[in-house]
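Trainee: This is the structure, below, for whatever I ask next.
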Amino acid sequence: MEDSDFDSLPTAMEVSTSAWPPQLAIPSRVMVIGEGEIQRLRKHLKELSTSTGNLEKHLERLCSPLVELSEKEDPSITAKCWMKQVRQLFRDTGDYLHNFMQSSREFDMLDARARNASERLERYGLRPKTPSIPMVRRLPAPHANLIDHIHKDMVDKVEHMMGTDKELKVVSIVGPEGVGKTTLAKELYRRCIARSGELHCWAFLRVSAKPDIPRLLTSMFTQILRKLPSRRLSVHDFIDTVARYLLNKRYFIIIDDLWTADVWDIIIRAFPGGDCSSRIITTTQFMDVAMTCCGHLSEYVFKMLPLGDVQSRNLFFRIVFGSASDCPRNLIEVSDGIIRKCGGLPLATINIASMLPSTVKLEEWTGIHDSLPSTWGANPSSEWMKEVVNLMFSTLRPHLKSCLLYFSMYPKGYIVRKDDLVRQCVVEGFLDGDEGQATEEAVGLFFDELVRRGMIQPVDSDKNGKVLSCTLHRTIHDVIVNKSMEENFVIIADYFQSAIPLPDKVHRLSVQFGGARSAYIPESILVSEVRSLAFFGFCQCLPVSMVKYMHVRVLILHIWADEDKHSIDLAEIHELHLLRYLKIACNIAVKLPDKIQGQQNLETIEVSTLAAIPQDIGELSKLRILKIAVTKLSNKHIYSLQILPALYALSVHVKTAPSKLFFFRKGGFSVLKFFTFRCSEPRLVINENAMPKVEKVNLCFKAHKARQDGKKPITIRHLPSLQEISVKIGGTVADASSALANAFTNHAKNPIPIVQMMESSEDQEHGTLEVEVDVKEENAHEYHGPQEQGSGECGHMDEDRDETPDDDVKEENAHEYHGPQEQGSGECGHMDEDRNETPDDDSEKDENKDADSRQEPYREIATASGLRAKFHLRFLDGLKTPIYTEKDITSEGNSAIRIGIFDSDGNMIKEGPLSKAKVEMLVLSGDFCNDGRESWTEEEFNSHIAQGRHGQGFVLRGDCIVWLNNGEASFGGTVRFKEGSSRTRSRKFVIGARVCVDGKTDERVQEAVMMPVTVLDRRNEASEKRHPPELDDEVYRLEEISKDGVYSKRLKEVQIFTVKDFLKALNKDANKLREVLRIKNRSSSWGKMVKHVRECSLTDRHELIAYRNEAASVVLFFNCVYDLVGAEFSGVYVERDNFDAANKALANVLKEHACSELDSAPFSYVMNGCLPVPVSSSENSLVSIPIVAPEAALQG
């Protein structure tokens, strides 16, 4: 499936509804077509037939063979090459026509390529002789409410586990992939939102195997605080802001698809405890992660197993036949076999059931059963799930494949508005129609079918069940990304992926750079061929020049800028003359070209924060959708918008309070049907017939800003086609009627406005109208799905669903907020303008602190809350070094690190609230307080907190939070560094500790810090030297011996692997060992080795080997490393250091004989004090004799 621009004819769309053949020979390479694009190309060729000569005829003859070859299950290499060249020929022809046929030489080359392709088709016998195998095109029954049938009992059980306790409780749902964990979590979330009057905050967070932490935290921030951050926040700032906001609030959080405990360690810091009955639900495939989340309390782990036989049958038959009772008798047995191969996993059951034909011929169903691999269902795994998805994909009709593959333009876990996908696919030419709206409706049906087939997961829906936003299951996303990359349908440039070869000509490019700040698009990509470009990342990673993307039709930019940038200049867009769809989501203002009339193909413009409306925007004759947020709006701008001849939907958010009335005068907006206007202080007049065809008007403003000089600021005169007015009002008012009466004048013939009041507390705290909603009145009755994890959509762009008259206007509620999306790039700056009106919001105070001051190492004048702190945290232990990543951090005594809290006199505080404070351990940069100061401010401490690579997460992992007990506590469990300190400027880290946000009191408690330490990568530990070495250490732990060096290899040749082996060889015969190593006499290496190995401690090794020589009446005693420790001469024991000359000479002679027998000799004595004592002969046990220290023995 290399591409779909020019890959089929309308006749190829008439796909048979026959069932699969017995061998399930479903074509796996069915052409992904672009019916609309090829139709436009053929139409253009016919119009220019006088100048295009035979080119049209040649291309016409190539279409059918191209489609038929693409539908073959396994085309030959020659056929594949031919198809690739023909597809490129169609694309190049389209580009030539769009470029107004500037070069006759280029036309001649296209014509020659077409003739050559026709000749090779016949020469190599590539034309298919038999028709392609038909595919299934049956639509399955909807299964959106299957949760009621397969998960109801599970939901009840999890709710029971959640309990009604006052303290924070975490429940973990664990189970294999595809078992339905997310579906269960969604239902729990839906039930919770239905009772949202009992909650202050809620959020649905989607993680992944490789989560982008900034994006994840931004999503958490926007869902909980219901606004976007006013600037880029560090991980710690995110967490502190959310934690402060959640203090003394009841919240409900879903954290879906956790893969590691590391991410949990980051997220959980944002959720304070307390007695508000807050709950967190996590889902994961891994039991160790689940246990970590719930504090290793197994009673809070819900193990989700595959469906039982009865549940699987009910699910399967409901999709295929509507119910189990409707299944024909002759198909029951074969159906049971198919069900068993689904392994009890809902995702597999839904996908396979959705593919089955509606015919009831036993032989056809038996053939399908036999064609499914026999291993299916026996041991479900991720690879097995991918096989199911591949099979499902192979049965889709071509245009459905195109729509599904287009989803790979978005990163994994991304939630996308269905309307966006529809418009983008229309621009791509996956279907064509006489009218744009009719085409969008048709493509919308394609996505609905993919939802019914289980290939796309709905996220948000309106009250009628219509899907508003969607995402992909992780396995399905993996499959379509692989297919897109393999077939050059979409090429993904991912900063974090390993290097892969990319094709020269790329037609759809998705740049997914995440939190990387120095990534770039590979130079090997010929960007002039790109038709669709999506970018997700920081602004400094944007393409240097947009002009090179001369053929781009779809441009999607999700940009995240640092706080020191105020705007981003995208004026080069005026050079993209073929551009039809433009969507920009950014956390700073976007500058479009002043003159935009050259973009005559533009149909959709969505910009989160527009610096200025282009002067000549009124000349865009094809512009249908315009959704913008602007800093300022004038009546001149309004006039420019009124004259847009094709404008169908308009959404405008004015971010500053206007000084004059906005007038929408009669004589414009001839086809406008949906209008949205947002402003904190609206001054708006819509004159009679100013919008003659408008059907829906949505307004949003603040009540306390509504009345001005005794005049009502909003007037709507008679609009003849108007069917609905939706008004959202924020602020403190007595009721909706009084708020509306103060603000609104409406013509009697217009519909009565539907008013939604936003709670005053919400309004004051959040200060943003885009995401506020009366949760008590609205959410209690309807649920639109879990909150978007960040789709990159700006709140002002979602509320009206302009182009779909049947959409529910209430989709702007908090849990539907289409917040920032991947890689922290989708943040929309337009949602922050009201923050200065919320002086009581502590979290916003923290956000608005001067960014520059946070970067200062120290301040000359410290506040009283800093240097004059009355209380101090203090570590009670030093660190054991060296420290390695992924190794437990312990004290010098190998125990857990202790911490205590003290008053200014140095006394530990053992009573009162501070004695029970919640404390967290964290890591600071190594240059913190390197001037020797012992006091600092809280701001100085926080500004030096170290972040992980790419700003993703904390440097520590594990049990980093403790509660003091009588003024002290130990950081037990596992605390480890996730990364080394080598990347830092100082090459060191400082371990610190502070009182947690939710444990703070009015009194400042100064943080604790340790001395700077070097944290080494655990990979270095493999060859790190040990001081002192231990007997069981590898021999390369000794000085001068490298892990894979020549000395190490020579020692291995003589079976010396450990320090103990080395010591034995050294004590037996030092000269022989030196010969093995081939060390020269003058080399210093030998001395360093021996000195180091002699540091090895044998304090606890009391066992001895006795070598007896009866003739000499001498017994020699050797320790565990064959070092002579003493001898018994004629029954009297003498230590080696006390040998006289005769004893020493005799011992040396006997030692030479003994060394040959030491390896096989048993330990028959132990050193008890200063004397060797024989071991019990019956047991030969060393522990049967009480061992005393030498000093005690001498005293005795």
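Just remember, in the structure tokens the first chain shown is A, the second B, etc., residues are 1-based per chain, and ligands are 1-based in the order shown.
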Hey, what's within 9 Å of stretch 983-999 of chain A if we count only C-alpha atoms and toss same-chain stuff fewer than 2 positions away? As a CSV table (one decimal) with all heavy atoms, in the first residue's frame, please?
Mentor:
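Saved to part-v1.csv:
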```
chain,number,residue,atom,x,y,z
A,240,ASP,N,3.8,20.2,41.3
A,240,ASP,CA,3.5,21.0,42.5
A,240,ASP,C,2.2,21.8,42.3
A,240,ASP,O,1.4,22.0,43.2
A,240,ASP,CB,4.6,22.0,42.7
A,240,ASP,CG,5.8,21.3,43.4
A,240,ASP,OD1,5.7,20.2,43.8
A,240,ASP,OD2,6.9,21.9,43.5
A,243,ALA,N,-0.7,19.4,42.6
A,243,ALA,CA,-0.9,18.9,44.0
A,243,ALA,C,-1.5,20.0,44.9
A,243,ALA,O,-2.3,19.8,45.7
A,243,ALA,CB,0.5,18.5,44.5
A,244,ARG,N,-1.0,21.3,44.7
A,244,ARG,CA,-1.6,22.4,45.5
A,244,ARG,C,-3.1,22.5,45.2
A,244,ARG,O,-3.9,22.8,46.1
A,244,ARG,CB,-0.8,23.7,45.2
A,244,ARG,CG,0.6,23.7,45.8
A,244,ARG,CD,1.1,25.1,45.7
A,244,ARG,NE,2.5,25.2,46.2
A,244,ARG,CZ,3.6,25.2,45.5
A,244,ARG,NH1,3.5,25.1,44.2
A,244,ARG,NH2,4.7,25.2,46.0
A,246,LEU,N,-5.2,20.4,44.2
A,246,LEU,CA,-6.0,19.2,44.6
A,246,LEU,C,-6.1,19.1,46.2
A,246,LEU,O,-6.9,18.3,46.7
A,246,LEU,CB,-5.5,17.9,44.1
A,246,LEU,CG,-5.7,17.7,42.6
A,246,LEU,CD1,-5.0,16.4,42.1
A,246,LEU,CD2,-7.1,17.7,42.2
A,247,LEU,N,-5.4,19.9,46.9
A,247,LEU,CA,-5.4,19.9,48.3
A,247,LEU,C,-6.9,20.1,48.8
A,247,LEU,O,-7.6,21.0,48.4
A,247,LEU,CB,-4.5,20.9,49.0
A,247,LEU,CG,-3.0,20.6,49.1
A,247,LEU,CD1,-2.3,21.8,49.6
A,247,LEU,CD2,-2.8,19.4,49.9
A,248,ASN,N,-7.4,19.2,49.7
A,248,ASN,CA,-8.7,19.3,50.2
A,248,ASN,C,-9.8,19.2,49.2
A,248,ASN,O,-10.9,19.7,49.4
A,248,ASN,CB,-8.9,20.6,51.1
A,248,ASN,CG,-7.8,20.7,52.2
A,248,ASN,OD1,-7.6,19.7,52.9
A,248,ASN,ND2,-7.2,21.8,52.3
A,269,ARG,N,2.9,11.7,42.6
A,269,ARG,CA,3.3,12.8,43.4
A,269,ARG,C,2.4,14.0,43.2
A,269,ARG,O,2.4,14.9,44.1
A,269,ARG,CB,4.8,13.3,43.0
A,269,ARG,CG,5.8,12.2,43.2
A,269,ARG,CD,7.2,12.7,42.8
A,269,ARG,NE,8.2,11.6,43.0
A,269,ARG,CZ,9.3,11.8,43.5
A,269,ARG,NH1,9.7,13.0,44.0
A,269,ARG,NH2,10.2,10.8,43.6
A,271,PHE,N,-0.8,13.8,43.3
A,271,PHE,CA,-2.1,13.5,43.9
A,271,PHE,C,-2.0,13.4,45.4
A,271,PHE,O,-1.5,12.3,45.9
A,271,PHE,CB,-2.7,12.2,43.3
A,271,PHE,CG,-2.9,12.3,41.8
A,271,PHE,CD1,-2.2,11.6,41.0
A,271,PHE,CD2,-3.9,13.2,41.3
A,271,PHE,CE1,-2.4,11.7,39.6
A,271,PHE,CE2,-4.1,13.3,40.0
A,271,PHE,CZ,-3.3,12.6,39.1
A,272,PRO,N,-2.3,14.4,46.2
A,272,PRO,CA,-2.2,14.4,47.6
A,272,PRO,C,-3.2,13.4,48.3
A,272,PRO,O,-4.2,13.1,47.7
A,272,PRO,CB,-2.4,15.8,48.0
A,272,PRO,CG,-3.3,16.3,46.9
A,272,PRO,CD,-2.9,15.7,45.7
A,273,GLY,N,-2.8,13.0,49.4
A,273,GLY,CA,-3.7,12.1,50.2
A,273,GLY,C,-4.9,13.0,50.8
A,273,GLY,O,-5.4,13.8,50.1
A,274,GLY,N,-5.2,12.7,52.0
A,274,GLY,CA,-6.3,13.4,52.7
A,274,GLY,C,-7.5,12.6,52.9
A,274,GLY,O,-7.4,11.3,52.7
A,873,LEU,N,14.8,20.0,58.1
A,873,LEU,CA,15.0,18.5,57.8
A,873,LEU,C,16.5,18.2,57.8
A,873,LEU,O,17.3,19.0,57.4
A,873,LEU,CB,14.4,18.1,56.5
A,873,LEU,CG,12.8,18.1,56.4
A,873,LEU,CD1,12.4,17.8,55.0
A,873,LEU,CD2,12.2,17.1,57.4
A,874,ARG,N,16.8,17.0,58.3
A,874,ARG,CA,18.3,16.7,58.3
A,874,ARG,C,18.4,15.2,58.1
A,874,ARG,O,17.7,14.4,58.7
A,874,ARG,CB,18.9,17.0,59.6
A,874,ARG,CG,20.4,16.8,59.7
A,874,ARG,CD,20.9,17.1,61.1
A,874,ARG,NE,20.5,18.5,61.5
A,874,ARG,CZ,20.5,18.8,62.8
A,874,ARG,NH1,20.8,18.0,63.8
A,874,ARG,NH2,20.2,20.1,63.2
A,875,PHE,N,19.3,14.8,57.1
A,875,PHE,CA,19.6,13.4,56.9
A,875,PHE,C,20.4,12.9,58.1
A,875,PHE,O,21.3,13.6,58.6
A,875,PHE,CB,20.3,13.2,55.6
A,875,PHE,CG,19.5,13.3,54.4
A,875,PHE,CD1,19.6,14.4,53.5
A,875,PHE,CD2,18.5,12.4,54.1
A,875,PHE,CE1,18.9,14.5,52.4
A,875,PHE,CE2,17.8,12.5,53.0
A,875,PHE,CZ,17.9,13.6,52.1
A,899,ILE,N,15.9,10.1,58.0
A,899,ILE,CA,15.7,11.6,58.0
A,899,ILE,C,15.0,12.0,59.2
A,899,ILE,O,14.1,11.2,59.7
A,899,ILE,CB,15.0,12.1,56.7
A,899,ILE,CG1,15.2,13.6,56.6
A,899,ILE,CG2,13.6,11.6,56.6
A,899,ILE,CD1,14.9,14.1,55.2
A,914,LEU,N,4.3,18.6,62.7
A,914,LEU,CA,5.5,18.5,62.0
A,914,LEU,C,6.2,17.1,62.2
A,914,LEU,O,6.9,16.6,61.4
A,914,LEU,CB,6.5,19.6,62.3
A,914,LEU,CG,6.2,21.0,61.8
A,914,LEU,CD1,7.2,22.0,62.2
A,914,LEU,CD2,6.1,20.9,60.2
A,916,LYS,N,4.8,14.4,62.1
A,916,LYS,CA,4.2,13.4,61.3
A,916,LYS,C,4.1,13.9,59.8
A,916,LYS,O,3.3,13.4,59.0
A,916,LYS,CB,2.7,13.2,61.8
A,916,LYS,CG,2.6,12.7,63.2
A,916,LYS,CD,1.2,12.6,63.7
A,916,LYS,CE,1.1,12.2,65.1
A,916,LYS,NZ,-0.3,12.1,65.6
A,917,ALA,N,5.0,14.8,59.5
A,917,ALA,CA,5.0,15.4,58.1
A,917,ALA,C,5.3,14.4,57.1
A,917,ALA,O,6.0,13.4,57.3
A,917,ALA,CB,6.0,16.6,58.1
A,918,LYS,N,4.8,14.7,55.9
A,918,LYS,CA,5.0,13.8,54.7
A,918,LYS,C,6.3,14.4,54.0
A,918,LYS,O,6.3,15.6,53.7
A,918,LYS,CB,3.8,13.9,53.8
A,918,LYS,CG,4.0,13.0,52.5
A,918,LYS,CD,2.7,13.1,51.7
A,918,LYS,CE,2.8,12.4,50.4
A,918,LYS,NZ,1.5,12.5,49.6
A,919,VAL,N,7.3,13.6,53.8
A,919,VAL,CA,8.6,14.1,53.2
A,919,VAL,C,8.9,13.3,52.0
A,919,VAL,O,8.7,12.1,51.9
A,919,VAL,CB,9.7,13.9,54.3
A,919,VAL,CG1,11.0,14.3,53.7
A,919,VAL,CG2,9.3,14.7,55.5
A,920,GLU,N,9.5,14.0,51.0
A,920,GLU,CA,9.9,13.3,49.8
A,920,GLU,C,11.4,13.5,49.5
A,920,GLU,O,11.9,14.6,49.8
A,920,GLU,CB,9.1,13.8,48.6
A,920,GLU,CG,9.3,15.2,48.2
A,920,GLU,CD,8.6,15.6,46.9
A,920,GLU,OE1,8.5,14.7,46.0
A,920,GLU,OE2,8.1,16.7,46.7
A,921,MET,N,12.0,12.5,49.0
A,921,MET,CA,13.4,12.6,48.6
A,921,MET,C,13.5,12.9,47.2
A,921,MET,O,12.7,12.4,46.4
A,921,MET,CB,14.1,11.2,48.9
A,921,MET,CG,15.6,11.2,48.5
A,921,MET,SD,16.4,9.6,48.6
A,921,MET,CE,16.4,9.3,50.4
A,922,LEU,N,14.4,13.8,46.8
A,922,LEU,CA,14.6,14.1,45.4
A,922,LEU,C,16.0,14.5,45.1
A,922,LEU,O,16.9,14.4,46.0
A,922,LEU,CB,13.6,15.2,45.0
A,922,LEU,CG,13.3,16.3,46.0
A,922,LEU,CD1,14.4,17.2,46.2
A,922,LEU,CD2,12.0,17.1,45.5
A,923,VAL,N,16.3,14.9,43.9
A,923,VAL,CA,17.7,15.1,43.5
A,923,VAL,C,17.8,16.5,43.0
A,923,VAL,O,17.0,17.0,42.2
A,923,VAL,CB,18.1,14.1,42.4
A,923,VAL,CG1,19.5,14.4,41.9
A,923,VAL,CG2,18.0,12.7,42.9
A,924,LEU,N,18.9,17.2,43.4
A,924,LEU,CA,19.3,18.5,43.0
A,924,LEU,C,20.5,18.5,42.1
A,924,LEU,O,21.3,17.5,42.1
A,924,LEU,CB,19.5,19.4,44.2
A,924,LEU,CG,18.5,19.4,45.3
A,924,LEU,CD1,18.9,20.3,46.4
A,924,LEU,CD2,17.1,19.9,44.8
A,925,SER,N,20.7,19.5,41.3
A,925,SER,CA,21.9,19.6,40.6
A,925,SER,C,23.1,19.7,41.5
A,925,SER,O,23.0,20.2,42.6
A,925,SER,CB,21.9,20.9,39.6
A,925,SER,OG,21.6,22.0,40.4
A,926,GLY,N,24.3,19.3,41.0
A,926,GLY,CA,25.4,19.1,41.9
A,926,GLY,C,26.0,20.4,42.4
A,926,GLY,O,26.8,20.4,43.3
A,927,ASP,N,25.7,21.6,41.7
A,927,ASP,CA,26.2,22.8,42.1
A,927,ASP,C,25.4,23.6,43.2
A,927,ASP,O,25.6,24.7,43.5
A,927,ASP,CB,26.4,23.7,40.9
A,927,ASP,CG,25.1,24.0,40.1
A,927,ASP,OD1,24.1,23.4,40.6
A,927,ASP,OD2,25.1,24.7,39.1
A,928,PHE,N,24.4,22.9,43.7
A,928,PHE,CA,23.5,23.5,44.7
A,928,PHE,C,24.3,23.8,46.0
A,928,PHE,O,24.9,22.9,46.6
A,928,PHE,CB,22.3,22.7,45.0
A,928,PHE,CG,21.4,23.3,46.0
A,928,PHE,CD1,20.7,24.5,45.7
A,928,PHE,CD2,21.2,22.7,47.3
A,928,PHE,CE1,19.8,25.1,46.7
A,928,PHE,CE2,20.3,23.3,48.2
A,928,PHE,CZ,19.7,24.5,47.9
A,945,ILE,N,16.1,21.6,41.4
A,945,ILE,CA,15.7,20.2,41.3
A,945,ILE,C,16.0,19.6,39.9
A,945,ILE,O,15.7,20.2,38.9
A,945,ILE,CB,14.2,20.0,41.6
A,945,ILE,CG1,13.9,20.4,43.0
A,945,ILE,CG2,13.7,18.6,41.3
A,945,ILE,CD1,12.4,20.5,43.3
A,946,ALA,N,16.7,18.5,39.9
A,946,ALA,CA,17.2,17.9,38.6
A,946,ALA,C,16.0,17.2,38.0
A,946,ALA,O,15.2,16.5,38.6
A,946,ALA,CB,18.3,17.0,38.9
A,949,ARG,N,16.3,13.2,31.5
A,949,ARG,CA,16.7,13.5,30.2
A,949,ARG,C,15.5,14.0,29.4
A,949,ARG,O,14.4,13.5,29.5
A,949,ARG,CB,17.3,12.4,29.4
A,949,ARG,CG,18.7,12.1,29.9
A,949,ARG,CD,19.4,11.0,29.1
A,949,ARG,NE,20.8,10.8,29.4
A,949,ARG,CZ,21.2,10.0,30.4
A,949,ARG,NH1,20.3,9.3,31.1
A,949,ARG,NH2,22.5,9.8,30.6
A,961,ILE,N,8.8,8.7,49.1
A,961,ILE,CA,8.0,9.5,50.0
A,961,ILE,C,7.8,8.7,51.3
A,961,ILE,O,7.5,7.5,51.3
A,961,ILE,CB,6.6,9.8,49.4
A,961,ILE,CG1,6.8,10.7,48.1
A,961,ILE,CG2,5.7,10.5,50.3
A,961,ILE,CD1,5.6,11.0,47.4
A,980,GLY,N,22.7,8.5,35.4
A,980,GLY,CA,23.9,9.0,36.0
A,980,GLY,C,24.0,10.5,36.0
A,980,GLY,O,23.3,11.2,35.4
A,981,SER,N,25.1,11.0,36.7
A,981,SER,CA,25.3,12.4,36.8
A,981,SER,C,26.3,12.9,35.7
A,981,SER,O,26.6,14.1,35.7
A,981,SER,CB,25.8,12.7,38.2
A,981,SER,OG,27.0,12.0,38.5
A,1001,THR,N,2.9,23.2,56.3
A,1001,THR,CA,2.2,24.0,57.3
A,1001,THR,C,2.6,25.5,57.1
A,1001,THR,O,3.3,25.8,56.1
A,1001,THR,CB,2.6,23.6,58.7
A,1001,THR,OG1,4.0,23.9,58.9
A,1001,THR,CG2,2.4,22.1,59.0
A,1005,VAL,N,9.8,24.9,56.6
A,1005,VAL,CA,10.7,23.8,57.0
A,1005,VAL,C,11.8,23.8,56.0
A,1005,VAL,O,11.6,23.5,54.8
A,1005,VAL,CB,10.1,22.5,57.1
A,1005,VAL,CG1,11.1,21.4,57.5
A,1005,VAL,CG2,8.9,22.5,58.1
A,1006,GLN,N,13.1,24.1,56.4
A,1006,GLN,CA,14.2,24.1,55.4
A,1006,GLN,C,14.5,22.7,55.0
A,1006,GLN,O,14.5,21.8,55.8
A,1006,GLN,CB,15.4,24.8,56.0
A,1006,GLN,CG,16.6,24.8,55.0
A,1006,GLN,CD,17.7,25.7,55.5
A,1006,GLN,OE1,17.6,26.9,55.6
A,1006,GLN,NE2,18.8,25.0,55.7
A,1007,GLU,N,14.8,22.6,53.7
A,1007,GLU,CA,15.0,21.3,53.1
A,1007,GLU,C,16.4,20.7,53.6
A,1007,GLU,O,17.3,21.4,54.0
A,1007,GLU,CB,15.0,21.4,51.6
A,1007,GLU,CG,13.7,21.9,51.0
A,1007,GLU,CD,13.6,23.4,51.1
A,1007,GLU,OE1,14.5,24.1,51.5
A,1007,GLU,OE2,12.5,23.9,50.8
A,1008,ALA,N,16.5,19.4,53.5
A,1008,ALA,CA,17.7,18.7,53.8
A,1008,ALA,C,18.5,18.4,52.6
A,1008,ALA,O,17.9,18.1,51.5
A,1008,ALA,CB,17.4,17.4,54.6
A,1009,VAL,N,19.8,18.5,52.7
A,1009,VAL,CA,20.7,18.1,51.5
A,1009,VAL,C,21.9,17.3,52.0
A,1009,VAL,O,22.3,17.5,53.2
A,1009,VAL,CB,21.2,19.3,50.7
A,1009,VAL,CG1,20.0,20.1,50.1
A,1009,VAL,CG2,22.0,20.3,51.6
A,1010,MET,N,22.4,16.5,51.1
A,1010,MET,CA,23.6,15.7,51.4
A,1010,MET,C,24.8,16.4,50.6
A,1010,MET,O,24.6,17.3,49.8
A,1010,MET,CB,23.5,14.3,51.0
A,1010,MET,CG,22.5,13.5,51.9
A,1010,MET,SD,22.6,11.7,51.5
A,1010,MET,CE,21.5,11.1,52.7
A,1011,MET,N,26.0,15.8,50.8
A,1011,MET,CA,27.1,16.3,50.0
A,1011,MET,C,26.9,15.8,48.6
A,1011,MET,O,26.3,14.7,48.3
A,1011,MET,CB,28.4,15.7,50.6
A,1011,MET,CG,28.7,16.3,52.0
A,1011,MET,SD,28.9,18.1,52.0
A,1011,MET,CE,30.5,18.2,51.0
A,1012,PRO,N,27.5,16.5,47.6
A,1012,PRO,CA,27.4,16.1,46.2
A,1012,PRO,C,28.1,14.7,46.0
A,1012,PRO,O,29.1,14.4,46.6
A,1012,PRO,CB,28.1,17.2,45.5
A,1012,PRO,CG,28.1,18.4,46.4
A,1012,PRO,CD,28.1,17.8,47.7
A,1013,VAL,N,27.5,13.9,45.2
A,1013,VAL,CA,28.0,12.6,44.9
A,1013,VAL,C,28.0,12.3,43.4
A,1013,VAL,O,27.2,12.9,42.6
A,1013,VAL,CB,27.2,11.5,45.6
A,1013,VAL,CG1,27.3,11.6,47.1
A,1013,VAL,CG2,25.7,11.5,45.2
A,1014,THR,N,28.9,11.5,42.9
A,1014,THR,CA,28.9,11.1,41.5
A,1014,THR,C,28.1,9.8,41.4
A,1014,THR,O,28.2,8.9,42.2
A,1014,THR,CB,30.4,10.8,41.1
A,1014,THR,OG1,31.1,12.0,41.2
A,1014,THR,CG2,30.4,10.3,39.6
A,1015,VAL,N,27.2,9.8,40.4
A,1015,VAL,CA,26.3,8.6,40.2
A,1015,VAL,C,26.8,8.0,38.9
A,1015,VAL,O,26.7,8.7,37.8
A,1015,VAL,CB,24.8,9.0,40.1
A,1015,VAL,CG1,24.0,7.8,39.8
A,1015,VAL,CG2,24.4,9.7,41.4
```
Trainee: Excluding A:Arg1078 and its own-chain neighbours fewer than 6 positions away, which residues fall within 12 Å of it when counting only C-alpha atoms? Please give them as a list in words.
Mentor: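 Within the cut-off, the hits are Val1046, Tyr1047, Ser1048, Lys1049, Arg1050, Leu1051, Asn1071, Lys1072, Ser1085 and Trp1086 of chain A.
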Trainee: Which is closer to A:Asp262 than all the others in A:Lys210, A:Ala519, A:Lys361, A:Phe535, using only C-alpha atoms?
Mentor: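 Of A:Lys210, A:Ala519, A:Lys361, A:Phe535, the one nearest A:Asp262, counting only C-alpha atoms, is A:Lys210.
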Trainee: With only C-alpha atoms as the atoms that count, which of A:Leu356, A:Asp462, A:Arg423, A:Ile456 lies nearest to A:Leu602?
Mentor: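 Comparing A:Leu356, A:Asp462, A:Arg423, A:Ile456 against A:Leu602, the winner is A:Arg423.
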Trainee: Got a sec to tell me which of stretch 928-1027 of chain A DSSP assigns to strand (DSSP E or B), as a list in words?
Mentor: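 Put together, the selection reads Ile945, Leu956, Arg957, Gly958, Ile961, Val962, Trp963, Asn965, Glu968, Ala969, Ser970, Phe971, Val975, Arg976, Phe977, Phe989, Val990, Ile991, Gly992, Ala993, Arg994, Val995, Val1005, Gln1006, Ala1008, Val1009, Val1013, Val1015 and Leu1016 of chain A.
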Trainee: Report, in Å to a single decimal, how far apart atom CA of A:Glu575 and atom CA of A:Val527 are.
Mentor: 14.5 Å
Trainee: As a ChimeraX atom specification, please: every residue in stretch 854-1052 of chain A that a backbone DSSP assignment puts in helix (DSSP H, G or I).
Mentor: /A:854-855,913-916,938-943,949-951,997-999,1018-1021,1035-1037,1046-1052
Trainee: At a cut-off of 7 Å, using only C-alpha atoms, what residues contact stretch 687-701 of chain A? Leave out same-chain residues fewer than 5 positions from it and give the result as number ranges by chain.
Mentor: A: 664-682, 716-730, 769, 800
Trainee: Identify, on the basis of only C-alpha atoms, every residue whose closest approach to A:Gln599 does not exceed 10 Å; exclude the query and any residue fewer than 4 positions from it along the same chain; express the result as an MDAnalysis selection string.
Mentor: chainID A and resid 573:580 595 603 617 619:623
Trainee: Interatomic distance between atom CA of A:Phe941 and atom CA of A:Gly878?
Mentor: 20.2 Å
Trainee: Please list as an MDAnalysis selection string every residue within 12 Å of A:Cys1155, counting only C-alpha atoms and excluding residues in the same chain fewer than 3 positions away.
Mentor: chainID A and resid 1064:1069 1105:1107 1116:1118 1121:1124 1147:1152 1158:1161
Trainee: A:Arg453: which residues within 7 Å, counting only C-alpha atoms, same-chain residues fewer than 3 positions away excluded, as a PyMOL selection string?
Mentor: chain A and resi 140+351+354+449-450
Trainee: Atom CA of A:Ala185 and atom CA of A:Lys157, how far apart in Å?
Mentor: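 We find that atom CA of A:Lys157 and atom CA of A:Ala185 lie 12.3 Å from each other.
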